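Colleague: Got a structure for you, written out below as structure tokens; questions coming shortly.
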Amino acid sequence: MAQIRAELLKVRSTRTTLGLALGMIALILLFALLTGLVSKTNGLASPEDQRQLLSLGSVAGIFSALAGVLLVTSEFRFGTIRPTFLFTSQRPRVLAAKLVASLLAGIAFGVIGEGIGFAIGYVILVARGISFTLSGGDVTLLILGTLAATALWAALGVGFGAIVRNQVGAVIGLLAWGFIIDNLLFGLVPSVGRFTPTRAQDALIGLKTDHLLSPAAGGLALLAWVIVLALIGIPLVTRRDVN
Amino acid sequence: MSAVVSAELLSKRFGELTAVADLSFELDAGTITGFLGPNGAGKTTTLRMLLGLAAPSSGRALVFDRTYTQLEHPALRVGAVLEATDFHPGRSGRDHLRTLGLAAGLPDSRADEVLRLVELQDAGERRVKGYSLGMRQRLGLAAALLGDPELLILDEPANGLDPEGVRWLRDFLRAFAAQGRTVLISSHVLAEVAQTVDQVLIINHGRLVVESSLEQLTGRVGGSVRVRSADAAQLQQALSRAQLQTSTSNDHALLVHGATSEQVGEIAFAAGVPVYELLTEGSSLEQIFLELTAEEQP
């Protein structure tokens, strides 16, 4: 527990997290304005269109993944991993605490991102006089799914960062994975690509794109990614010497 | 009494390169040991193995008779600084200490205590990126002291410290050891630690070259003090009355063997001989250190 508080303080005590949150908010605002203002009224009428508009906050996923990556890799970049491991020589404990802290940070990203994204989307619909066609169940799935997804993304970032360790490499790798590889794989081989983290998140928040998994299966797929990366990353960090 | 720090046939190989080879030594409580050797001799690698950051290829590295990772609350027993720069530049010094203190179950007030101890209390809330190298060194030391440890391990602590800082560190380590605690400090410059340590371990190419007390090492050197005065003959008499051996250099200065510059200055003052020049010849300890570490060249 104390270890988790230490990791949460690491998240809070630099401006990195704030910077990521501001970047996320800026991106959500941009997307919301583009989608909400440019689309024709009949392009925002169907439940699926409205789900897309209101789910803009799900971009928080990739930002919380970055926060998770940085929680590990900045320790290696700035050498704080040395005092960290001197104070807690059981390295799996450190990484487990980082996983828990990242889940909480991820939820915070999700609350901010989805809160802003949903509010703006809703205001746009109301302002343009478009009637709300999503069911209460859809909205609940969208919001809870986003929170679960951002939490899992952050933990996924911790595992990924533990494997890569190099900060620049891990950030670029993660962005390439999220924005390029997942999209390519889903476009070319949807039966495989639907298991990628980004498409699993789409499924989890209830998007109805063709070939996506069910929401529950999407959540499990994302959780599986978290577990697999952690199971690779933790032994690697534990076994490797710290320079 | 069991050793505070011990290495038993400790070795570390990186592929073909052997960084540390069959190193064995023991350090007793209450001692200050200088761990010396040229850059690349294997000092830092040895310290990393003692601190559980690197795994030995063979042999054992123990603190308090256990490997570091077997210690239940390592930060409460061992404090260490390996690099002066191990901080997130965007985090305040105080928050850096708090993150570590939380992990060790220490209250935030302990962070404030060690900040005062290293005289950084006014800079604690500032981000580390605004710290000078000397301030970072002291913040690193503050982190090492958080758990009030019995053993301090410092890697090249004098790097980047101004003379005042070096003096401060020396006094601090002396007081620390006087409480029965143990210090191991590494350096590639003997002169930096000569006034601080009781004993030295000198390694070169990963092997132990010398293990001795500082007096024994100094005894092998026999340094001299060069003094130029108004009346060399009278000063020579005064010095020989004080049982000091002298010789004359070719520019009519006296070389006093086995004495400190303080001794010679005081004798000259007592004899009423004006002194124009007084200096310790060369860094004679340094010379023997260089010879010792050069002998082992392959």
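Residue names in the structure tokens use chain letters A, B, ... in the order shown, residue numbers from 1 in each chain, and ligand numbers from 1 in the order shown.
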Neighbouring residues of range 129-142 of chain B were defined as those with any atom within 7 Å, considering only C-alpha atoms; residues of the same chain fewer than 4 positions away were excluded. Please report them as an MDAnalysis selection string.
Modeller: chainID B and resid 81 84:85 89:90 93 114:115 118 146 160:161
Colleague: Please identify all residues of chain B having at least one atom at most 10 Å from any atom of chain A, considering only C-alpha atoms, and return them as a PyMOL selection string.
Modeller: chain B and resi 44-45+48-49+51-56+68-76+78-92+95-106+127+140+143-144+146-147
Colleague: Find the residues around range 122-136 of chain A up to 7 Å (only C-alpha atoms counted), leave out those fewer than 4 positions away in its own chain, and share them as JSON, numbers by chain.
Modeller: {"A": [36, 45, 46, 47, 118, 140]}
Colleague: Export, as an mmCIF file, in the first residue's frame, the selected residues with N, CA and C atoms.
Modeller:
data_model
loop_
_atom_site.group_PDB
_atom_site.id
_atom_site.type_symbol
_atom_site.label_atom_id
_atom_site.label_comp_id
_atom_site.auth_asym_id
_atom_site.auth_seq_id
_atom_site.Cartn_x
_atom_site.Cartn_y
_atom_site.Cartn_z
ATOM 1 N N GLY A 36 -18.621 17.405 -34.582
ATOM 2 C CA GLY A 36 -19.920 17.961 -34.199
ATOM 3 C C GLY A 36 -20.357 19.110 -35.075
ATOM 4 N N ALA A 45 -27.723 11.616 -36.511
ATOM 5 C CA ALA A 45 -29.040 11.223 -36.017
ATOM 6 C C ALA A 45 -29.071 9.795 -35.503
ATOM 7 N N SER A 46 -28.351 8.888 -36.152
ATOM 8 C CA SER A 46 -28.459 7.475 -35.767
ATOM 9 C C SER A 46 -27.738 7.213 -34.453
ATOM 10 N N PRO A 47 -28.148 6.179 -33.715
ATOM 11 C CA PRO A 47 -27.453 5.854 -32.465
ATOM 12 C C PRO A 47 -25.960 5.640 -32.702
ATOM 13 N N PHE A 118 -17.960 13.605 -23.613
ATOM 14 C CA PHE A 118 -19.404 13.353 -23.568
ATOM 15 C C PHE A 118 -20.168 14.672 -23.441
ATOM 16 N N THR A 140 -24.481 3.927 -20.508
ATOM 17 C CA THR A 140 -23.779 3.317 -19.376
ATOM 18 C C THR A 140 -22.574 2.512 -19.862
#
Colleague: Do you know which residues are at most 7 Å from Ala162 in chain A counting only C-alpha atoms, after dropping those on the same chain fewer than 2 positions away, and could you put them as a count of residues only?
Modeller: 9
Colleague: Mind pulling up the distance from CA of Leu156 in chain A to CA of Pro92 in chain A?
Modeller: 15.7 Å
Colleague: At what distance in Å, to one decimal, does CA of Phe14 in chain B lie from CA of Leu201 in chain B?
Modeller: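 Separation between CA of Leu201 in chain B and CA of Phe14 in chain B: 22.8 Å.
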Colleague: Write out as a ChimeraX atom specification the residues lying within 12 Å of range 234-247 of chain B, counting only C-alpha atoms and excluding same-chain residues fewer than 4 positions away.
Modeller: /B:222-230,251-260,263-275
Colleague: What is the CA of Ala203 in chain A-CA of Leu223 in chain A distance in Å, reported with one decimal?
Modeller: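 Those two atoms sit 12.8 Å apart.
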Colleague: Find the spatial neighbours of Ile181 in chain A, counting only C-alpha atoms, within a cut-off of 12 Å - ignore same-chain residues fewer than 4 positions away - and output them as a list of chain:residue names.
Modeller: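 Non-adjacent residues within range: A:Gly173, A:Leu174, A:Leu175, A:Ala176, A:Trp177, A:Leu185, A:Phe186, A:Gly187, A:Leu188, A:Val189, A:Val192, A:Gly193, A:Arg194, A:Phe195, A:Thr196, A:Pro197, A:Thr198, A:Arg199.
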Colleague: Write down as a PyMOL selection string the residues belonging to range 54-293 of chain B that are assigned strand (DSSP E or B) by DSSP computed on the backbone.
Modeller: chain B and resi 58-63+66+78-81+92+127+151-155+182-187+199-204+207-213+224-229+245-248+254-257+275-280
Colleague: Given the choices A:Ala60, A:Asp49, A:His211, A:Val171, which gets closest to Pro190 in chain A if the distance is worked out from only C-alpha atoms?
Modeller: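 That would be A:His211, the residue with the smallest distance to Pro190 in chain A.
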Colleague: Ala21 in chain B: which residues within 12 Å, counting only C-alpha atoms, same-chain residues fewer than 3 positions away excluded, as a list in words?
Modeller: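 Result of the neighbour search: Ala7, Glu8, Leu9, Leu10, Ser11, Lys12, Arg13, Phe14, Leu17, Thr18, Ser24, Ala41, Gly42, Lys43, Thr45, Thr46, Pro56, Ser57, Ser58, Gly59, Arg60, Ile203, Asn204, His205, Gly206, Arg207, Leu208 and Val209 of chain B.
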